[in-house]
$ cat coords-v2.txt   # compact mmCIF, C-alpha atoms
# COMPACT_ATOMS: atom_id res chain seq x y z
CA MET A 1 112.38 112.11 126.16
CA LEU A 2 110.18 113.28 123.31
CA LYS A 3 111.21 112.28 119.82
CA LYS A 4 110.05 113.76 116.54
CA ILE A 5 108.02 111.62 114.11
CA THR A 6 107.72 113.10 110.62
CA VAL A 7 105.27 111.71 108.06
CA TYR A 8 105.02 112.56 104.37
CA GLY A 9 102.70 112.22 101.36
CA LYS A 10 99.24 110.66 101.66
CA LEU A 11 99.89 109.75 105.28
CA ARG A 12 100.46 113.44 106.11
CA LYS A 13 97.17 114.32 104.40
CA PHE A 14 95.37 111.52 106.26
CA LEU A 15 96.74 112.60 109.65
CA GLY A 16 96.31 116.33 109.05
CA LYS A 17 99.84 117.35 110.00
CA SER A 18 103.38 116.23 109.30
CA GLU A 19 105.16 116.37 112.66
CA PHE A 20 104.41 114.63 115.96
CA PHE A 21 106.32 114.48 119.23
CA ALA A 22 106.02 111.37 121.40
CA ASP A 23 107.87 109.57 124.16
CA ILE A 24 109.08 106.64 122.08
CA ASN A 25 112.32 104.69 121.74
CA SER A 26 112.00 102.75 118.46
CA PRO A 27 110.30 102.89 115.04
CA ARG A 28 107.87 100.15 116.18
CA GLU A 29 106.76 102.40 119.04
CA ALA A 30 106.25 105.23 116.50
CA PHE A 31 103.81 103.01 114.61
CA SER A 32 102.09 102.06 117.88
CA PHE A 33 101.75 105.76 118.70
CA LEU A 34 100.11 106.45 115.33
CA TYR A 35 97.83 103.36 115.50
CA CYS A 36 96.61 104.31 119.00
CA ASN A 37 95.94 107.97 118.23
CA PHE A 38 94.41 107.89 114.74
CA LYS A 39 91.40 105.81 113.82
CA GLY A 40 91.64 103.97 110.49
CA ILE A 41 95.37 104.56 110.03
CA GLU A 42 96.24 100.85 110.01
CA GLN A 43 94.00 100.24 106.99
CA HIS A 44 95.28 103.40 105.31
CA MET A 45 98.92 102.36 105.78
CA ALA A 46 98.24 98.82 104.55
CA GLU A 47 97.40 100.23 101.11
CA GLN A 48 100.79 101.96 100.64
CA LEU A 49 104.47 101.02 100.89
CA TYR A 50 106.63 103.05 103.27
CA VAL A 51 110.31 103.60 103.97
CA ILE A 52 111.24 104.25 107.57
CA LYS A 53 114.33 106.37 108.23
CA VAL A 54 116.03 107.07 111.52
CA GLY A 55 118.35 109.96 110.83
CA ALA A 56 119.89 109.02 107.48
CA LYS A 57 119.63 105.24 108.03
CA VAL A 58 116.91 103.23 106.29
CA ILE A 59 115.24 100.83 108.72
CA THR A 60 114.22 97.38 107.49
CA SER A 61 111.57 95.19 109.11
CA ASP A 62 114.14 93.33 111.22
CA LEU A 63 115.38 96.63 112.74
CA LEU A 64 112.00 98.05 113.80
CA ASN A 65 112.85 97.53 117.48
CA ILE A 66 116.17 99.39 117.28
CA GLN A 67 116.59 101.91 120.11
CA THR A 68 117.15 105.44 118.83
CA SER A 69 117.31 109.02 119.97
CA GLN A 70 117.00 110.50 116.46
CA GLU A 71 114.02 111.70 114.43
CA ILE A 72 111.90 108.95 112.81
CA LYS A 73 110.64 109.60 109.29
CA ILE A 74 107.87 107.61 107.60
CA ILE A 75 108.08 108.22 103.85
CA PRO A 76 105.73 106.72 101.23
CA VAL A 77 107.42 104.87 98.38
CA VAL A 78 106.62 106.32 94.98
CA TYR A 79 106.24 103.58 92.42
CA GLY A 80 105.31 103.32 88.80
CA ASP A 81 107.33 103.58 85.65
CA PHE A 82 107.25 107.16 84.40
CA PHE A 83 110.51 106.66 82.48
CA THR A 84 108.87 104.33 79.93
CA ILE A 85 106.22 106.96 79.16
CA VAL A 86 108.89 109.61 78.54
CA LEU A 87 110.95 107.17 76.45
CA GLY A 88 107.86 106.19 74.43
CA LEU A 89 106.95 109.81 73.79
CA GLY A 90 110.53 110.55 72.73
CA LEU A 91 110.56 107.62 70.31
CA LYS A 92 107.17 108.62 68.92
CA TYR A 93 108.40 112.18 68.34
CA GLY A 94 111.70 110.95 66.86
CA ALA A 95 109.91 108.57 64.49
CA LYS A 96 107.62 111.33 63.30
CA LYS A 97 110.34 113.96 62.77
CA PHE A 98 113.46 112.07 61.71
CA ILE A 99 112.56 108.71 60.12
CA THR A 100 111.48 108.82 56.50
CA ASN A 101 111.17 105.09 55.74
CA THR A 102 107.52 104.12 56.28
CA ILE A 103 108.18 100.57 57.51
CA ILE A 104 110.81 101.62 60.07
CA LYS A 105 108.64 104.56 61.15
CA THR A 106 105.70 102.18 61.73
CA VAL A 107 107.83 99.73 63.75
CA VAL A 108 109.37 102.47 65.92
CA SER A 109 105.96 104.08 66.37
CA THR A 110 104.44 100.74 67.46
CA VAL A 111 107.25 100.16 69.98
CA ALA A 112 106.81 103.72 71.28
CA THR A 113 103.06 103.23 71.70
CA SER A 114 103.59 99.98 73.62
CA LEU A 115 106.10 101.73 75.92
CA ILE A 116 103.64 104.54 76.60
CA LEU A 117 100.83 102.08 77.37
CA LYS A 118 103.05 99.92 79.60
CA GLY A 119 104.21 102.97 81.55
CA ALA A 120 100.64 104.22 81.96
CA SER A 121 99.40 100.82 83.13
CA ASP A 122 102.29 100.58 85.62
CA LEU A 123 101.35 103.98 87.04
CA ILE A 124 97.65 103.13 87.28
CA ALA A 125 97.95 99.56 88.59
CA PRO A 126 101.49 98.63 89.68
CA GLN A 127 102.24 94.93 90.07
CA GLN A 128 103.91 93.69 93.22
CA ASP A 129 107.22 91.90 92.71
CA THR A 130 106.66 88.24 93.58
CA ARG A 131 110.31 87.17 93.29
CA ASN A 132 112.07 85.83 96.35
CA PRO A 133 114.98 88.22 97.08
CA ILE A 134 117.20 85.37 98.26
CA SER A 135 116.66 82.74 95.55
CA GLY A 136 115.55 85.10 92.77
CA GLN A 137 112.72 82.72 91.81
CA ASP A 138 109.22 83.97 91.13
CA SER A 139 106.92 82.48 93.78
CA LEU A 140 104.04 82.34 91.28
CA ASP A 141 106.09 80.42 88.70
CA PRO A 142 104.93 76.77 88.55
CA SER A 143 108.52 75.51 88.34
CA ALA A 144 109.36 77.41 91.53
CA LEU A 145 106.32 75.92 93.27
CA ALA A 146 107.28 72.42 92.13
CA SER A 147 110.87 72.74 93.36
CA ASN A 148 110.02 71.50 96.85
CA TYR A 149 110.49 67.74 97.03
CA SER A 150 109.90 67.38 100.77
CA PHE A 151 107.18 64.77 100.34
CA THR A 152 108.44 62.97 97.22
CA GLY A 153 106.51 64.28 94.29
CA LEU A 154 106.11 67.24 92.03
CA THR A 155 102.43 67.63 92.89
CA ASN A 156 102.99 67.82 96.64
CA ILE A 157 103.68 71.48 97.35
CA SER A 158 104.36 72.59 100.89
CA ASN A 159 103.93 76.31 100.35
CA SER A 160 101.47 78.49 102.27
CA GLY A 161 98.98 80.69 100.45
CA VAL A 162 98.51 78.42 97.45
CA PRO A 163 94.92 78.50 96.12
CA LEU A 164 92.92 75.28 96.35
CA ASN A 165 90.95 73.99 93.38
CA ILE A 166 87.19 73.58 93.75
CA ALA A 167 85.74 71.24 91.16
CA TYR A 168 82.15 70.16 90.62
CA GLY A 169 81.39 66.94 88.79
CA GLU A 170 83.95 64.48 87.48
CA ILE A 171 87.30 66.04 86.66
CA LEU A 172 90.95 64.94 86.49
CA VAL A 173 93.22 67.43 88.27
CA GLY A 174 96.53 67.57 90.09
CA SER A 175 96.67 67.71 93.84
CA ILE A 176 97.62 70.38 96.33
CA VAL A 177 98.31 69.08 99.80
CA VAL A 178 96.32 70.98 102.43
CA SER A 179 97.92 69.37 105.46
CA ASN A 180 100.48 66.63 106.04
CA GLY A 181 102.81 65.37 108.70
CA VAL A 182 105.72 63.01 109.20
CA ASP A 183 106.15 60.99 112.39
CA THR A 184 109.16 58.94 113.33
CA ILE A 185 108.51 55.90 115.49
CA GLN A 186 111.13 53.68 117.04
CA VAL A 187 110.37 50.11 115.96
CA GLU A 188 111.84 47.38 118.07
CA GLY A 189 112.61 44.06 116.52
CA ALA A 190 115.29 41.71 115.34
CA ASN A 191 117.51 43.23 112.69
$ encode --input "coords-v2.txt" --output "structure tokens"
Amino acid sequence: MLKKITVYGKLRKFLGKSEFFADINSPREAFSFLYCNFKGIEQHMAEQLYVIKVGAKVITSDLLNIQTSQEIKIIPVVYGDFFTIVLGLGLKYGAKKFITNTIIKTVVSTVATSLILKGASDLIAPQQDTRNPISGQDSLDPSALASNYSFTGLTNISNSGVPLNIAYGEILVGSIVVSNGVDTIQVEGAN
């Protein structure tokens, strides 16, 4: 049975239309349909975050294989912090109109300017959240990296994706373990 796939935003512009009908049973099959029929879509989709909805239910990555008979929607996530720009502009206006003390006006104006700049930089180049949703620790925080004591030492980190240092000449640096293993061997003897 044909099911409706609806796409929005930049993806709709890239594909040229917003609605497709395909014989699919799950959101994963909807992505397979799009990947097979549109050249370059995989790279295009890798540059944007999307929310997948089946009916009114938001589908997470562990539910991509869920069987459904409802419409599948692929919606781009809008990110950035427009609120800080509006708040900064409001503070700037308020400082100019209502504050008469020069020192307080300067402080409020400086805070307002920093809010405007932070909001603009978040809109232009948003930063990906690197915190682990389960533990709440930032994966780029050195203390979070050093919290694994699997191989007895703070310098031994068993975390994938950690950059390796390249040093030329004589230099004193900490270590990052590239590969390690632990074997257990039964030793026979008199105890």
$ closest_residue --input "coords-v2.txt" --among "A:Phe20, A:Phe38, A:Phe31, A:Phe83" --to "A:Ile52" --atoms "only C-alpha atoms"
A:Phe31
$ atom_distance --input "coords-v2.txt" --atom1 "atom CA of A:Thr68" --atom2 "atom CA of A:Lys10"
25.4 Å
$ atom_distance --input "coords-v2.txt" --atom1 "atom CA of A:Val77" --atom2 "atom CA of A:His44"
14.1 Å
$ atom_distance --input "coords-v2.txt" --atom1 "atom CA of A:Lys118" --atom2 "atom CA of A:Tyr50"
24.1 Å
$ closest_residue --input "coords-v2.txt" --among "A:Ile85, A:Thr184, A:Lys17, A:Val58" --to "A:Asp122" --atoms "all atoms listed in the file"
A:Ile85
$ closest_residue --input "coords-v2.txt" --among "A:Ile59, A:Tyr93, A:Phe82, A:Ile24" --to "A:Ile124" --atoms "only C-alpha atoms"
A:Phe82
$ residues_around --input "coords-v2.txt" --residues "stretch 105-107 of chain A" --least-positions-apart "6" --cutoff "9 Å" --atoms "all atoms listed in the file" --output "list in words"
Lys92, Ala95, Lys96, Phe98 and Ile99 of chain A
$ closest_residue --input "coords-v2.txt" --among "A:Ala56, A:Ile166, A:Ile75, A:Ile171" --to "A:Leu11" --atoms "all atoms listed in the file"
A:Ile75
$ residues_around --input "coords-v2.txt" --residues "A:Ser18" --least-positions-apart "6" --cutoff "10 Å" --atoms "only C-alpha atoms" --output "compact mmCIF listing (two decimals) with C-alpha atoms, keeping the file's coordinate frame"
# COMPACT_ATOMS: atom_id res chain seq x y z
CA ILE A 5 108.02 111.62 114.11
CA THR A 6 107.72 113.10 110.62
CA VAL A 7 105.27 111.71 108.06
CA TYR A 8 105.02 112.56 104.37
CA GLY A 9 102.70 112.22 101.36
CA LEU A 11 99.89 109.75 105.28
CA ARG A 12 100.46 113.44 106.11
CA LYS A 73 110.64 109.60 109.29
CA ILE A 74 107.87 107.61 107.60
$ closest_residue --input "coords-v2.txt" --among "A:Cys36, A:Val108, A:Ile72, A:Leu172" --to "A:Glu19" --atoms "only C-alpha atoms"
A:Ile72
